[in-house]
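These notes concern the structure reproduced below.
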Amino acid sequence: MKQRITTLFASGVLALALFGVARAGPFEDAQAADQKGDYATELQILRPLAEQGNALAQLGLGVMYANGQGVPQDYAQAVVWYRKAAEQGDADGQTIVGLMYVNGHGMSQDYTQALIWYRKAADQRNGRAQFGLGLMYANGHGLPQDYVRAHMWFNITAAAAAASDI
């Protein structure tokens, strides 16, 4: 179940990134290939871009490896690509790396590292990372359980979501 939640979460982050960014060209082609289930074409488009350092393409490859789309499912390889985006300062990449540490997918479970990556993304106002921090405080994962701080992070997340709906 955790594996499915992680995969859905990562896929959702990428979908938001792809839909949220109006870019012409290769990303539209990759998105169209993905929607058709043509993962070979999607991989052919994304890999060169990812290897050139494009964070969005790196996230896309991470999702492909996490889901086993056009490549064998491999969480360790997914983390390699997610981390490349995260290390460039990509908040979605940082959030997914944090989530992978929380769940121990592709690496050993490490709440301390999850906290570090979530905070980097939360500092960029990434709502999913802020929510992840709230969960970590609520559950006492990697830090003392603190319902006040959990509540604070949940409120920050909710306020940002409400503001974006206006």
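Chain lettering (A, B, ...) mirrors the order of the structure tokens, residue numbering begins at 1 for each chain separately, and ligand numbering begins at 1 in order of display.
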
Using only C-alpha atoms, determine which residues lie at most 6 Å from range 59-70 of chain A, disregarding the query and same-chain residues fewer than 2 positions distant; provide the list as a short mmCIF file (atom, residue, chain, number, x, y, z; two decimals) with N, CA and C atoms, in the first residue's frame.
data_model
loop_
_atom_site.label_atom_id
_atom_site.label_comp_id
_atom_site.auth_asym_id
_atom_site.auth_seq_id
_atom_site.Cartn_x
_atom_site.Cartn_y
_atom_site.Cartn_z
N SER A 11 3.79 10.35 -9.24
CA SER A 11 3.16 10.55 -10.55
C SER A 11 2.32 11.83 -10.55
N TYR A 39 5.51 4.50 -23.73
CA TYR A 39 6.61 4.83 -22.84
C TYR A 39 7.96 4.81 -23.53
N ALA A 40 8.09 4.03 -24.60
CA ALA A 40 9.36 4.02 -25.35
C ALA A 40 9.62 5.40 -25.94
N LEU A 56 12.85 18.94 -14.96
CA LEU A 56 11.54 18.37 -15.24
C LEU A 56 11.67 17.01 -15.93
N ALA A 57 12.61 16.90 -16.84
CA ALA A 57 12.86 15.62 -17.49
C ALA A 57 13.41 14.60 -16.48
N PRO A 72 12.43 -1.27 -16.49
CA PRO A 72 12.10 -2.11 -15.34
C PRO A 72 11.87 -1.23 -14.10
N GLN A 73 10.88 -1.59 -13.30
CA GLN A 73 10.64 -0.82 -12.07
C GLN A 73 11.88 -0.91 -11.19
N ASP A 74 12.39 0.24 -10.77
CA ASP A 74 13.64 0.30 -10.02
C ASP A 74 13.64 1.57 -9.18
N TYR A 75 13.29 1.42 -7.90
CA TYR A 75 13.22 2.59 -7.02
C TYR A 75 14.57 3.25 -6.83
N ALA A 78 15.05 5.37 -9.74
CA ALA A 78 14.12 6.50 -9.64
C ALA A 78 14.71 7.58 -8.72
N TRP A 81 17.36 9.83 -10.31
CA TRP A 81 16.83 10.92 -11.14
C TRP A 81 16.12 11.98 -10.31
N TYR A 82 15.35 11.55 -9.32
CA TYR A 82 14.69 12.53 -8.44
C TYR A 82 15.73 13.41 -7.74
#

Residue list (alpha helix (DSSP H), DSSP) for chain A, as a ChimeraX atom specification: /A:2-20,26-36,39-51,55-67,75-87,91-103,111-122,127-139,147-164

Selection near Asp110 in chain A, 8 Å with only C-alpha atoms, sequence-local residues under 6 positions removed, as an MDAnalysis selection string: chainID A and resid 101:102 104 142

Closest of A:Ala30, A:Leu115, A:Ala85, A:Ala76 to Asn54 in chain A - atom-to-atom distances counting only C-alpha atoms: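 Looking only at the distances to Asn54 in chain A, the closest residue turns out to be A:Ala85.
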
Minimum-distance residue to Ala122 in chain A, chosen among A:Ile156, A:Met107, A:Val71, A:Ala138 (using only C-alpha atoms):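 Checking each of A:Ile156, A:Met107, A:Val71, A:Ala138 against Ala122 in chain A, counting only C-alpha atoms, the winner is A:Ile156.
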
Atomic distance CA of Gly93 in chain A - CA of Asp146 in chain A, expressed in Å with one decimal: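 According to the coordinates, CA of Gly93 in chain A and CA of Asp146 in chain A are separated by 26.1 Å.
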
Pick from A:Glu51, A:Arg83, A:Leu46, A:Ala129, whichever lies nearest to Gln31 in chain A using only C-alpha atoms: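 Of A:Glu51, A:Arg83, A:Leu46, A:Ala129, the one nearest Gln31 in chain A, counting only C-alpha atoms, is A:Leu46.
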
Two-atom distance - CA of Asp29 in chain A, CA of Ala55 in chain A (Å):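 Answer for the CA of Asp29 in chain A to CA of Ala55 in chain A separation: 16.7 Å.
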
Shortest interatomic distance to Ala121 in chain A - which of A:Ala91, A:Met136, A:Met100, A:Val148, counting only C-alpha atoms: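 Going through A:Ala91, A:Met136, A:Met100, A:Val148 one by one, the smallest distance to Ala121 in chain A is for A:Ala91.
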
Pick from A:Gln58, A:Gln35, A:Asn139, A:Gln113, whichever lies nearest to Val80 in chain A using only C-alpha atoms: A:Gln58

Among listed residues A:Thr112, A:Gln94, A:Gln44, A:Asn155, nearest Pro26 in chain A (using only C-alpha atoms): A:Gln44
